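A.B. asks: Let me give you the structure first, and then I'll get to my questions.
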Amino acid sequence: MNLPEIHKFKSSQNIKRENKAKIIYLLSTKSNKFALLKNIVDMHRTHTCGELRIVDVDKEVTLSGWVQKVRNKGGMVWVDLRDRYGITQLIVEEGSTATEIIDAAKNLGREFVIKATGIVAERYAKNDKIPTGDIEIKPSRIEILNSSKTPPFTIEDETDGGEDIRMKYRYLDLRRNVIREKLQLRHSMMQHVRSFLSNEDFIEVETPVLIKSTPEGARDFVVPSRMNAGEFYALPQSPQTFKQLLMVSGFDRYFQIVKCFRDEDLRADRQPEFTQIDCEMSFVETEDIYNNFEGLVKYLFKNVKGITLNEVPRMTYANAMKYYGSDKPDTRFDMKFTELNSVAQNKGFNVFDSAELVVGINAKGCAEYTRKQLDGLTDFVRRPQVGAKGLVYVKCNSDGTFKSSVDKFYSQEDLKEWADKMEAVAGDLLLVLSGDTAHTQNALNELRLHMGAALGLRDKNNFAPLWVTDFPLLEWDEDTQRFHAMHHPFTSPKAEDMHKLDSKPGEVRANAYDLVINGVEIGGGSIRIHDREMQKLMFKHLGFTEKEAQDQFGFLMDAFEYGAPPHGGIAFGFDRLCALFGGSDSIRDYIAFPKNNSGRDVMIDSPSPISAEQLKELAININ
Ligand code: ASP
């Protein structure tokens with residue numbers, strides 16, 4: 001075929017296709033080079049919208065994407081064409097572009113999907129904010145692949161859409177760079193996790209999603225079984241028992257990037273379904289776990305963020321509570337707690353005298369805080385979420401004197417003793433709380449974090465990981481008036497504390513650990529019980545009858561009788577890890593289709609009622 005024949009042939013093909021696709025515009029100019037266009041026009045795209053550079057000038061290209069913006073300045077129309085990879089500007093000008101194309105460009109609406117073919121040209125006014133900012137395309141064809149209703153919010157980095165509307169149209173929100181980049185980060189993290197663990201001989205094994213409901217831990221989501229009327233599956237809160245069974249099976253090193261489900265009240269960093277990097281290893285002690293998973297965390301920091309982490313420090317749970325009042329201390333900054341009972345009690349100040357704990361922090365350099373600032377701190381600690389009754393302060397003045405809110409009860413010498421104990425110098429501000437130990441530690445932890453933020457000590461680009469070790473095995477639950485497993489019932493007690501199991505169960509420590517980064521619990525795990533008798537004993541201490549233990553966990557205890565190796569593991573909250581890497585407090589943006597605060601997916605409108613027939617089939621009577 002010679003050139004005109006090719007053109008005729010191509011045109012007839014195009015027209016047929018376009019009729020079918022209800023394409024509105026198909027335009028070509030005399031300048032088209034038919035031989036070249038043979039490929040370019042047929043293709044949806046020769047390049048992405050983020051790809052073209054100055055070296056591509058004069059090339060004929062085809063791009064497809066979404067219209068982000070049309071600027072119409074009379075004789076000139078600019079179109080920003082967007083896809084996942086970037087934005088490329090199209091320009092049509094009176095004089096050099098055919099009028100049909102100018103009209104076509106003017107009529108494009110936001111979020112129309114178009115295909116544009118044209119020549120790459122160097123821009124007069126370059127835009128150094130985008131990688132394609134040196135060039136623009138002079139289209140010779142613009143084809144509308146699909147039109148769009150005006151989107152309910154602007155699809156740009158800074159959007160005018162509120163949270164609710166963006167959740168309802170999540171598929172549009174996901175078009176925004178800022179959200180898409182978060183999911184790309186998640187993807188990259190996932191690939192690196194798989195590559196690291198796989199290289200370390202971990203095998204990814206999928207465990208079932210329809211399992212058995214057990215009362216331990218959080219509330220289960222349950223699924224009715226049609227074939228077993230009146231019976232229910234539960235969705236896994238974690239694959240805990242399955243990964244232990246895989247150790248019994250000899251898998252030795254297991255991991256899974258896995259969805260877990262917990263029917264809990266939601267907070268900013270909680271979702272009813274979330275993802276864990278779940279891991280288990282055989283023939284290991286806590287030390288092996290620290291080494292292996294420190295390796296994973298370092299690998300992720302290095303490969304995803306380009307950050308080299310030092311060795312991860314360790315702190316016992318007891319010290320974390322003593323010095324930070326929290327089992328997940330933010331160690332990006334110091335401001336440790338100092339107990340003041342010995343120097344603050346028995347001086348006539350009843351509030352302190354009657355308290356179980358008097359404890360303070362030293363806010364370095366804050367002695368100049370104004371009355372208003374101090375009142376602000378008092379209001380902060382009195383908020384119900386913090387729960388302190390009041391706040392005592394001591395200003396360490398530059399002249400060596402002290403000014404406190406309790407001057408009536410304490411002499412300058414007394415206050416000097418406090419200051420010495422807290423290693424305070426002139427210019428520092430001491431903030432002191434008192435009351436029962438648990439509440440006071442918790443309130444001072446909140447105040448410490450608040451002060452850390454106020455003083456700019458919690459930089460999100462600074463990462464302070466920490467192993468918190470030796471968690472208590474059991475914790476007393478006021479509501480049920482019994483002990484619960486602090487981690488879970490499969491966690492092994494420390495051998496040296498076993499003798500206290502009957503006499504002082506609350507003092508028994510477990511081989512359990514958390515990985516904390518910047519005050520966020522990123523992972524947690526334990527060395528497990530692998531012996532039937534020991535597991536039975538644990539259930540007994542947790543208030544299970546022998547029958548209850550056998551009914552619920554008999555399968556695991558039975559398995560322990562067939563050569564269960566010593567084993568242990570850990571699970572990381574993958575969504576949280578992604579949010580931490582992305583510098584965000586909320587995990588929601590790192591999940592493609594998250595639920596809102598009421599556990600609803602407002603896009604698909606779920607949960608939703610089911611039909612009477614479905615209920616009947618499932619033998620569920622909801623009246
Ligand atoms: N299954 C535990 C959890 O989800 C983690 C572990 O012990 O490995 O918290």
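Residues in the structure tokens are named by chain (A, B, ... in the order shown) and by number from 1 within that chain; ligands are numbered from 1 in the order shown.
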Counting only C-alpha atoms, what is within 12 Å of Glu617 (chain A), bar same-chain residues fewer than 4 positions away, as a list of chain:residue names?
C.D. replies: A:Pro224, A:Ser225, A:Arg226, A:Met227, A:Asn228, A:Ala229, A:Gly230, A:Ile610, A:Ser611, A:Ala612, A:Glu613, A:Asn621
A.B. asks: Write a file of the selected residues as an mmCIF file, in the first residue's frame, keeping all heavy atoms.
C.D. replies:
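Wrote it out as selection_26.cif, contents follow:
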```cif
data_model
loop_
_atom_site.group_PDB
_atom_site.id
_atom_site.type_symbol
_atom_site.label_atom_id
_atom_site.label_comp_id
_atom_site.auth_asym_id
_atom_site.auth_seq_id
_atom_site.Cartn_x
_atom_site.Cartn_y
_atom_site.Cartn_z
ATOM 1 N N PRO A 224 -22.255 -16.513 59.688
ATOM 2 C CA PRO A 224 -23.135 -17.669 59.868
ATOM 3 C C PRO A 224 -22.873 -18.742 58.814
ATOM 4 O O PRO A 224 -22.541 -18.430 57.673
ATOM 5 C CB PRO A 224 -24.542 -17.086 59.703
ATOM 6 C CG PRO A 224 -24.365 -15.799 58.992
ATOM 7 C CD PRO A 224 -22.976 -15.308 59.259
ATOM 8 N N SER A 225 -23.002 -19.978 59.224
ATOM 9 C CA SER A 225 -22.799 -21.085 58.277
ATOM 10 C C SER A 225 -24.160 -21.593 57.815
ATOM 11 O O SER A 225 -24.967 -22.058 58.617
ATOM 12 C CB SER A 225 -22.028 -22.200 58.973
ATOM 13 O OG SER A 225 -22.138 -23.389 58.232
ATOM 14 N N ARG A 226 -24.420 -21.480 56.500
ATOM 15 C CA ARG A 226 -25.703 -21.954 55.961
ATOM 16 C C ARG A 226 -25.815 -23.465 56.089
ATOM 17 O O ARG A 226 -26.850 -24.005 56.457
ATOM 18 C CB ARG A 226 -25.827 -21.535 54.483
ATOM 19 C CG ARG A 226 -27.127 -21.932 53.823
ATOM 20 C CD ARG A 226 -27.124 -21.570 52.360
ATOM 21 N NE ARG A 226 -25.973 -22.146 51.653
ATOM 22 C CZ ARG A 226 -25.885 -23.393 51.212
ATOM 23 N NH1 ARG A 226 -26.885 -24.223 51.405
ATOM 24 N NH2 ARG A 226 -24.813 -23.828 50.577
ATOM 25 N N MET A 227 -24.680 -24.126 55.834
ATOM 26 C CA MET A 227 -24.737 -25.589 55.818
ATOM 27 C C MET A 227 -24.774 -26.198 57.217
ATOM 28 O O MET A 227 -25.067 -27.364 57.379
ATOM 29 C CB MET A 227 -23.553 -26.143 55.038
ATOM 30 C CG MET A 227 -23.722 -25.925 53.544
ATOM 31 S SD MET A 227 -22.531 -26.842 52.593
ATOM 32 C CE MET A 227 -21.041 -25.966 52.904
ATOM 33 N N ASN A 228 -24.442 -25.388 58.198
ATOM 34 C CA ASN A 228 -24.476 -25.867 59.583
ATOM 35 C C ASN A 228 -25.338 -24.880 60.375
ATOM 36 O O ASN A 228 -24.815 -24.019 61.093
ATOM 37 C CB ASN A 228 -23.067 -25.932 60.164
ATOM 38 C CG ASN A 228 -22.157 -26.821 59.328
ATOM 39 O OD1 ASN A 228 -22.133 -28.018 59.507
ATOM 40 N ND2 ASN A 228 -21.438 -26.213 58.389
ATOM 41 N N ALA A 229 -26.628 -24.995 60.189
ATOM 42 C CA ALA A 229 -27.563 -23.998 60.724
ATOM 43 C C ALA A 229 -27.313 -23.744 62.211
ATOM 44 O O ALA A 229 -27.086 -24.681 62.980
ATOM 45 C CB ALA A 229 -28.988 -24.470 60.511
ATOM 46 N N GLY A 230 -27.331 -22.478 62.570
ATOM 47 C CA GLY A 230 -27.149 -22.110 63.974
ATOM 48 C C GLY A 230 -25.689 -22.065 64.396
ATOM 49 O O GLY A 230 -25.385 -21.769 65.541
ATOM 50 N N ILE A 610 -29.655 -7.694 55.228
ATOM 51 C CA ILE A 610 -29.777 -8.729 54.195
ATOM 52 C C ILE A 610 -31.245 -9.137 54.097
ATOM 53 O O ILE A 610 -32.035 -8.832 54.995
ATOM 54 C CB ILE A 610 -28.845 -9.938 54.450
ATOM 55 C CG1 ILE A 610 -29.096 -10.579 55.814
ATOM 56 C CG2 ILE A 610 -27.390 -9.547 54.315
ATOM 57 C CD1 ILE A 610 -28.343 -11.894 56.013
ATOM 58 N N SER A 611 -31.579 -9.802 53.015
ATOM 59 C CA SER A 611 -32.989 -10.074 52.754
ATOM 60 C C SER A 611 -33.543 -11.128 53.714
ATOM 61 O O SER A 611 -32.793 -11.913 54.306
ATOM 62 C CB SER A 611 -33.162 -10.560 51.320
ATOM 63 O OG SER A 611 -32.595 -11.848 51.212
ATOM 64 N N ALA A 612 -34.861 -11.134 53.822
ATOM 65 C CA ALA A 612 -35.522 -12.118 54.672
ATOM 66 C C ALA A 612 -35.168 -13.536 54.223
ATOM 67 O O ALA A 612 -34.965 -14.429 55.048
ATOM 68 C CB ALA A 612 -37.035 -11.900 54.617
ATOM 69 N N GLU A 613 -35.064 -13.725 52.892
ATOM 70 C CA GLU A 613 -34.715 -15.068 52.389
ATOM 71 C C GLU A 613 -33.323 -15.485 52.858
ATOM 72 O O GLU A 613 -33.105 -16.615 53.287
ATOM 73 C CB GLU A 613 -34.707 -15.126 50.845
ATOM 74 C CG GLU A 613 -36.045 -14.929 50.182
ATOM 75 C CD GLU A 613 -36.297 -13.466 49.898
ATOM 76 O OE1 GLU A 613 -36.723 -12.738 50.824
ATOM 77 O OE2 GLU A 613 -36.031 -13.040 48.774
ATOM 78 N N ASN A 621 -32.923 -15.590 63.117
ATOM 79 C CA ASN A 621 -34.157 -14.879 63.403
ATOM 80 C C ASN A 621 -33.777 -13.621 64.164
ATOM 81 O O ASN A 621 -33.296 -13.691 65.288
ATOM 82 C CB ASN A 621 -35.052 -15.795 64.256
ATOM 83 C CG ASN A 621 -36.404 -15.171 64.480
ATOM 84 O OD1 ASN A 621 -36.596 -13.992 64.177
ATOM 85 N ND2 ASN A 621 -37.327 -15.963 65.006
#
```
A.B. asks: At a cut-off of 6 Å, can you tabulate as a tab-separated table every residue of region 360-471 of chain A near region 337-349 of chain A together with its closest atom pair and the distance in Å to one decimal, using only C-alpha atoms and ordering rows by chain then number?
C.D. replies:
```
residue	atom	partner	partner_atom	distance
A:Gly360	CA	A:Thr338	CA	5.4
A:Ile361	CA	A:Phe337	CA	5.1
A:Phe409	CA	A:Phe349	CA	6.0
```
A.B. asks: Determine, counting only C-alpha atoms, which protein, DNA and RNA residues have an atom within 12 Å of an atom of Pro208 (chain A); residues of the same chain fewer than 2 positions away are not included. Present the result as a list in words.
C.D. replies: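 Within the cut-off, the hits are Val205, Glu206, Leu210, Ile211, Lys212, Tyr233, Ala234, Leu235, Pro236, Gln237, Ser238, Pro239, Gln240, Thr241, Phe242, Lys243, Gln256, Val258, Lys259 and Cys260 of chain A.
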A.B. asks: Using only all heavy atoms, please write the residues we just selected to a file, as a compact mmCIF listing (two decimals), in the first residue's frame.
C.D. replies:
```txt
# COMPACT_ATOMS: atom_id res chain seq x y z
N VAL A 205 2.78 -18.72 53.86
CA VAL A 205 1.70 -19.71 53.83
C VAL A 205 0.39 -19.01 54.16
O VAL A 205 0.34 -18.22 55.11
CB VAL A 205 1.93 -20.83 54.88
CG1 VAL A 205 0.82 -21.89 54.80
CG2 VAL A 205 3.29 -21.48 54.71
N GLU A 206 -0.63 -19.26 53.35
CA GLU A 206 -1.94 -18.67 53.63
C GLU A 206 -2.71 -19.55 54.61
O GLU A 206 -2.77 -20.76 54.44
CB GLU A 206 -2.74 -18.53 52.36
CG GLU A 206 -2.20 -17.45 51.46
CD GLU A 206 -2.77 -17.57 50.08
OE1 GLU A 206 -2.31 -18.46 49.34
OE2 GLU A 206 -3.68 -16.79 49.75
N LEU A 210 -12.02 -18.30 57.39
CA LEU A 210 -13.20 -18.73 58.14
C LEU A 210 -12.70 -19.68 59.22
O LEU A 210 -12.32 -20.82 58.93
CB LEU A 210 -14.19 -19.46 57.22
CG LEU A 210 -14.82 -18.59 56.13
CD1 LEU A 210 -15.70 -19.43 55.22
CD2 LEU A 210 -15.61 -17.44 56.73
N ILE A 211 -12.66 -19.18 60.47
CA ILE A 211 -12.14 -20.04 61.53
C ILE A 211 -13.15 -20.13 62.67
O ILE A 211 -14.36 -19.99 62.44
CB ILE A 211 -10.73 -19.61 61.98
CG1 ILE A 211 -10.73 -18.23 62.59
CG2 ILE A 211 -9.75 -19.66 60.81
CD1 ILE A 211 -9.47 -17.93 63.40
N LYS A 212 -12.66 -20.33 63.89
CA LYS A 212 -13.54 -20.65 65.01
C LYS A 212 -13.53 -19.50 66.00
O LYS A 212 -12.47 -18.94 66.29
CB LYS A 212 -12.96 -21.91 65.65
CG LYS A 212 -13.67 -22.49 66.82
CD LYS A 212 -12.78 -23.66 67.31
CE LYS A 212 -13.20 -24.19 68.64
NZ LYS A 212 -14.30 -25.15 68.54
N TYR A 233 -18.82 -19.29 61.81
CA TYR A 233 -17.36 -19.17 61.72
C TYR A 233 -17.00 -17.85 62.38
O TYR A 233 -17.86 -16.98 62.58
CB TYR A 233 -16.89 -19.05 60.27
CG TYR A 233 -17.23 -20.21 59.38
CD1 TYR A 233 -18.30 -20.13 58.50
CD2 TYR A 233 -16.45 -21.35 59.38
CE1 TYR A 233 -18.59 -21.18 57.63
CE2 TYR A 233 -16.73 -22.41 58.52
CZ TYR A 233 -17.81 -22.32 57.65
OH TYR A 233 -18.08 -23.34 56.81
N ALA A 234 -15.72 -17.66 62.68
CA ALA A 234 -15.25 -16.33 63.06
C ALA A 234 -14.16 -15.95 62.07
O ALA A 234 -13.46 -16.82 61.52
CB ALA A 234 -14.70 -16.36 64.47
N LEU A 235 -14.01 -14.64 61.83
CA LEU A 235 -12.88 -14.18 61.03
C LEU A 235 -11.68 -14.06 61.97
O LEU A 235 -11.85 -13.65 63.12
CB LEU A 235 -13.21 -12.83 60.39
CG LEU A 235 -14.47 -12.79 59.54
CD1 LEU A 235 -14.66 -11.40 58.92
CD2 LEU A 235 -14.39 -13.83 58.42
N PRO A 236 -10.49 -14.41 61.50
CA PRO A 236 -9.34 -14.45 62.43
C PRO A 236 -8.93 -13.08 62.95
O PRO A 236 -8.81 -12.13 62.19
CB PRO A 236 -8.22 -15.06 61.58
CG PRO A 236 -8.64 -14.89 60.17
CD PRO A 236 -10.14 -14.84 60.15
N GLN A 237 -8.73 -13.01 64.27
CA GLN A 237 -8.13 -11.80 64.84
C GLN A 237 -6.64 -11.78 64.52
O GLN A 237 -6.00 -10.73 64.49
CB GLN A 237 -8.36 -11.76 66.34
CG GLN A 237 -9.83 -11.64 66.67
CD GLN A 237 -10.10 -11.48 68.14
OE1 GLN A 237 -9.26 -11.00 68.89
NE2 GLN A 237 -11.28 -11.88 68.56
N SER A 238 -6.10 -12.96 64.33
CA SER A 238 -4.73 -13.14 63.82
C SER A 238 -4.60 -14.64 63.53
O SER A 238 -5.39 -15.42 64.04
CB SER A 238 -3.69 -12.69 64.85
OG SER A 238 -3.40 -13.74 65.75
N PRO A 239 -3.63 -15.04 62.71
CA PRO A 239 -3.50 -16.47 62.43
C PRO A 239 -2.72 -17.21 63.50
O PRO A 239 -2.06 -18.22 63.22
CB PRO A 239 -2.73 -16.50 61.10
CG PRO A 239 -2.57 -15.09 60.67
CD PRO A 239 -2.72 -14.24 61.89
N GLN A 240 -2.79 -16.72 64.75
CA GLN A 240 -1.92 -17.22 65.81
C GLN A 240 -1.84 -18.75 65.90
O GLN A 240 -0.76 -19.33 65.83
CB GLN A 240 -2.37 -16.63 67.16
CG GLN A 240 -1.47 -17.00 68.32
CD GLN A 240 -0.05 -16.52 68.14
OE1 GLN A 240 0.17 -15.44 67.60
NE2 GLN A 240 0.92 -17.31 68.54
N THR A 241 -2.99 -19.39 66.08
CA THR A 241 -2.91 -20.84 66.33
C THR A 241 -2.44 -21.57 65.06
O THR A 241 -1.71 -22.55 65.15
CB THR A 241 -4.25 -21.41 66.80
OG1 THR A 241 -5.27 -20.98 65.92
CG2 THR A 241 -4.57 -20.96 68.21
N PHE A 242 -2.83 -21.06 63.90
CA PHE A 242 -2.40 -21.73 62.66
C PHE A 242 -0.89 -21.65 62.46
O PHE A 242 -0.25 -22.60 62.02
CB PHE A 242 -3.12 -21.14 61.45
CG PHE A 242 -4.57 -21.51 61.42
CD1 PHE A 242 -5.54 -20.65 61.91
CD2 PHE A 242 -4.96 -22.75 60.95
CE1 PHE A 242 -6.86 -21.01 61.92
CE2 PHE A 242 -6.30 -23.13 60.95
CZ PHE A 242 -7.26 -22.25 61.45
N LYS A 243 -0.32 -20.49 62.79
CA LYS A 243 1.13 -20.39 62.57
C LYS A 243 1.87 -21.28 63.57
O LYS A 243 2.91 -21.85 63.24
CB LYS A 243 1.63 -18.95 62.60
CG LYS A 243 1.55 -18.19 63.88
CD LYS A 243 2.23 -16.82 63.71
CE LYS A 243 2.04 -15.93 64.90
NZ LYS A 243 2.81 -14.68 64.82
N GLN A 256 3.36 -14.35 56.69
CA GLN A 256 2.19 -14.10 55.86
C GLN A 256 1.84 -12.62 56.00
O GLN A 256 1.83 -12.09 57.10
CB GLN A 256 1.02 -14.98 56.35
CG GLN A 256 -0.21 -14.90 55.50
CD GLN A 256 -1.36 -15.78 56.00
OE1 GLN A 256 -2.34 -15.92 55.32
NE2 GLN A 256 -1.27 -16.36 57.17
N VAL A 258 -1.12 -10.59 55.99
CA VAL A 258 -2.45 -11.18 56.17
C VAL A 258 -3.45 -10.21 56.78
O VAL A 258 -3.10 -9.39 57.63
CB VAL A 258 -2.31 -12.46 57.05
CG1 VAL A 258 -1.79 -12.14 58.44
CG2 VAL A 258 -3.60 -13.24 57.14
N LYS A 259 -4.68 -10.31 56.29
CA LYS A 259 -5.77 -9.51 56.85
C LYS A 259 -6.21 -10.12 58.19
O LYS A 259 -6.37 -11.33 58.29
CB LYS A 259 -6.97 -9.53 55.92
CG LYS A 259 -6.96 -8.47 54.85
CD LYS A 259 -7.27 -7.09 55.40
CE LYS A 259 -7.12 -5.99 54.40
NZ LYS A 259 -8.22 -5.93 53.45
N CYS A 260 -6.40 -9.26 59.20
CA CYS A 260 -6.92 -9.69 60.49
C CYS A 260 -8.15 -8.84 60.79
O CYS A 260 -8.28 -7.73 60.30
CB CYS A 260 -5.87 -9.47 61.58
SG CYS A 260 -4.36 -10.37 61.26
```
A.B. asks: Hey, which bits of chain A sit within 6 Å of ligand 1, and for each residue what's the closest pair of atoms and how far apart in Å (one decimal), counting only C-alpha atoms and all ligand atoms, rows by chain and increasing number, as a tab-separated table?
C.D. replies:
```
residue	atom	partner	partner_atom_place_in_ligand_line	distance
A:Ser238	CA	ligand 1	4 (O)	4.9
A:Gln240	CA	ligand 1	1 (N)	4.6
A:Gly524	CA	ligand 1	5 (C)	5.5
A:Gly525	CA	ligand 1	7 (O)	3.6
A:Ser526	CA	ligand 1	7 (O)	5.3
A:Gly569	CA	ligand 1	8 (O)	4.8
A:Ile570	CA	ligand 1	8 (O)	3.5
A:Ala571	CA	ligand 1	5 (C)	4.4
```
A.B. asks: Keeping N, CA, C and O atoms, export the residues of the selection given above as a short mmCIF file (atom, residue, chain, number, x, y, z; two decimals), in the first residue's frame.
C.D. replies:
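The resulting file, result.cif, is reproduced below:
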```
data_model
loop_
_atom_site.label_atom_id
_atom_site.label_comp_id
_atom_site.auth_asym_id
_atom_site.auth_seq_id
_atom_site.Cartn_x
_atom_site.Cartn_y
_atom_site.Cartn_z
N SER A 238 -6.10 -12.96 64.33
CA SER A 238 -4.73 -13.14 63.82
C SER A 238 -4.60 -14.64 63.53
O SER A 238 -5.39 -15.42 64.04
N GLN A 240 -2.79 -16.72 64.75
CA GLN A 240 -1.92 -17.22 65.81
C GLN A 240 -1.84 -18.75 65.90
O GLN A 240 -0.76 -19.33 65.83
N GLY A 524 4.45 -6.97 67.93
CA GLY A 524 4.47 -7.62 69.24
C GLY A 524 4.45 -9.12 69.05
O GLY A 524 3.92 -9.63 68.07
N GLY A 525 5.06 -9.82 70.01
CA GLY A 525 5.07 -11.27 69.91
C GLY A 525 5.60 -11.89 71.17
O GLY A 525 5.78 -11.22 72.20
N SER A 526 5.86 -13.18 71.09
CA SER A 526 6.33 -13.90 72.27
C SER A 526 6.95 -15.23 71.88
O SER A 526 6.76 -15.72 70.77
N GLY A 569 7.37 -16.04 67.85
CA GLY A 569 7.16 -15.20 66.67
C GLY A 569 6.75 -13.80 67.02
O GLY A 569 6.85 -13.36 68.17
N ILE A 570 6.28 -13.15 66.02
CA ILE A 570 5.94 -11.73 66.15
C ILE A 570 4.99 -11.37 65.02
O ILE A 570 4.98 -12.05 63.97
N ALA A 571 4.18 -10.35 65.23
CA ALA A 571 3.37 -9.81 64.13
C ALA A 571 3.52 -8.30 64.14
O ALA A 571 3.50 -7.67 65.20
#
```
A.B. asks: Using only C-alpha atoms for the distances, tell me which of A:Asn310, A:Ser503, A:Thr378, A:Ser148 is nearest to His450 (chain A).
C.D. replies: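 Answer, going by the shortest atom-to-atom distance: A:Thr378.
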A.B. asks: At a cut-off of 12 Å, using only C-alpha atoms, what residues contact Phe251 (chain A)? Leave out same-chain residues fewer than 5 positions from it and give the result as a PDB file with N, CA and C atoms, in the first residue's frame.
C.D. replies:
```
ATOM      1  N   ASP A 201      14.711 -17.454  54.215  1.00  0.00           N
ATOM      2  CA  ASP A 201      14.108 -18.797  54.287  1.00  0.00           C
ATOM      3  C   ASP A 201      12.726 -18.868  54.915  1.00  0.00           C
ATOM      4  N   PHE A 202      12.080 -17.716  55.082  1.00  0.00           N
ATOM      5  CA  PHE A 202      10.692 -17.761  55.551  1.00  0.00           C
ATOM      6  C   PHE A 202       9.795 -18.146  54.376  1.00  0.00           C
ATOM      7  N   ILE A 203       8.792 -18.983  54.666  1.00  0.00           N
ATOM      8  CA  ILE A 203       7.859 -19.417  53.624  1.00  0.00           C
ATOM      9  C   ILE A 203       6.519 -18.737  53.866  1.00  0.00           C
ATOM     10  N   GLU A 204       5.965 -18.119  52.826  1.00  0.00           N
ATOM     11  CA  GLU A 204       4.653 -17.486  52.992  1.00  0.00           C
ATOM     12  C   GLU A 204       3.573 -18.541  52.825  1.00  0.00           C
ATOM     13  N   VAL A 205       2.782 -18.716  53.862  1.00  0.00           N
ATOM     14  CA  VAL A 205       1.699 -19.712  53.829  1.00  0.00           C
ATOM     15  C   VAL A 205       0.392 -19.005  54.157  1.00  0.00           C
ATOM     16  N   PHE A 242      -2.826 -21.058  63.896  1.00  0.00           N
ATOM     17  CA  PHE A 242      -2.399 -21.732  62.656  1.00  0.00           C
ATOM     18  C   PHE A 242      -0.886 -21.652  62.463  1.00  0.00           C
ATOM     19  N   LYS A 243      -0.317 -20.486  62.795  1.00  0.00           N
ATOM     20  CA  LYS A 243       1.128 -20.390  62.572  1.00  0.00           C
ATOM     21  C   LYS A 243       1.868 -21.281  63.574  1.00  0.00           C
ATOM     22  N   GLN A 244       1.282 -21.464  64.745  1.00  0.00           N
ATOM     23  CA  GLN A 244       1.917 -22.385  65.695  1.00  0.00           C
ATOM     24  C   GLN A 244       1.814 -23.823  65.178  1.00  0.00           C
ATOM     25  N   LEU A 245       0.648 -24.144  64.588  1.00  0.00           N
ATOM     26  CA  LEU A 245       0.498 -25.494  64.025  1.00  0.00           C
ATOM     27  C   LEU A 245       1.481 -25.724  62.878  1.00  0.00           C
ATOM     28  N   LEU A 246       1.758 -24.653  62.112  1.00  0.00           N
ATOM     29  CA  LEU A 246       2.746 -24.796  61.033  1.00  0.00           C
ATOM     30  C   LEU A 246       4.135 -25.109  61.588  1.00  0.00           C
ATOM     31  N   CYS A 279       4.612 -13.546  61.579  1.00  0.00           N
ATOM     32  CA  CYS A 279       5.815 -14.384  61.435  1.00  0.00           C
ATOM     33  C   CYS A 279       5.927 -15.380  62.591  1.00  0.00           C
ATOM     34  N   GLU A 280       6.521 -16.525  62.317  1.00  0.00           N
ATOM     35  CA  GLU A 280       6.761 -17.512  63.369  1.00  0.00           C
ATOM     36  C   GLU A 280       8.028 -18.285  63.023  1.00  0.00           C
ATOM     37  N   MET A 281       8.788 -18.668  64.049  1.00  0.00           N
ATOM     38  CA  MET A 281      10.039 -19.393  63.834  1.00  0.00           C
ATOM     39  C   MET A 281      10.155 -20.527  64.862  1.00  0.00           C
ATOM     40  N   SER A 282      10.788 -21.603  64.447  1.00  0.00           N
ATOM     41  CA  SER A 282      11.040 -22.707  65.383  1.00  0.00           C
ATOM     42  C   SER A 282      12.475 -22.641  65.904  1.00  0.00           C
ATOM     43  N   PHE A 283      12.683 -23.279  67.052  1.00  0.00           N
ATOM     44  CA  PHE A 283      14.015 -23.378  67.677  1.00  0.00           C
ATOM     45  C   PHE A 283      14.623 -21.999  67.925  1.00  0.00           C
ATOM     46  N   ALA A 564       5.930 -30.996  69.185  1.00  0.00           N
ATOM     47  CA  ALA A 564       5.941 -29.557  68.892  1.00  0.00           C
ATOM     48  C   ALA A 564       7.306 -28.982  69.224  1.00  0.00           C
ATOM     49  N   PRO A 565       7.954 -28.309  68.292  1.00  0.00           N
ATOM     50  CA  PRO A 565       9.278 -27.731  68.594  1.00  0.00           C
ATOM     51  C   PRO A 565       9.108 -26.459  69.420  1.00  0.00           C
ATOM     52  N   HIS A 567       9.097 -22.718  69.867  1.00  0.00           N
ATOM     53  CA  HIS A 567       8.888 -21.741  68.797  1.00  0.00           C
ATOM     54  C   HIS A 567       8.434 -20.408  69.347  1.00  0.00           C
TER      55      HIS A 567
END
```
A.B. asks: Pro607 (chain A): which residues within 12 Å, counting only C-alpha atoms, same-chain residues fewer than 6 positions away excluded, as a short mmCIF file (atom, residue, chain, number, x, y, z; two decimals) with N, CA and C atoms, in the first residue's frame?
C.D. replies:
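Written out: result_0.cif:
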```
data_model
loop_
_atom_site.label_atom_id
_atom_site.label_comp_id
_atom_site.auth_asym_id
_atom_site.auth_seq_id
_atom_site.Cartn_x
_atom_site.Cartn_y
_atom_site.Cartn_z
N LYS A 595 -12.54 1.82 56.23
CA LYS A 595 -13.83 2.05 56.87
C LYS A 595 -13.76 3.36 57.64
N ASN A 596 -14.93 3.95 57.90
CA ASN A 596 -14.93 5.20 58.68
C ASN A 596 -14.98 4.89 60.18
N SER A 598 -17.28 4.71 62.25
CA SER A 598 -18.33 3.81 62.72
C SER A 598 -18.19 2.44 62.10
N GLY A 599 -17.05 2.17 61.51
CA GLY A 599 -16.82 0.85 60.90
C GLY A 599 -17.59 0.67 59.61
N ARG A 600 -18.00 1.77 58.98
CA ARG A 600 -18.77 1.66 57.74
C ARG A 600 -17.89 1.92 56.53
N ASP A 601 -18.19 1.23 55.45
CA ASP A 601 -17.64 1.60 54.15
C ASP A 601 -18.73 2.43 53.48
#
```
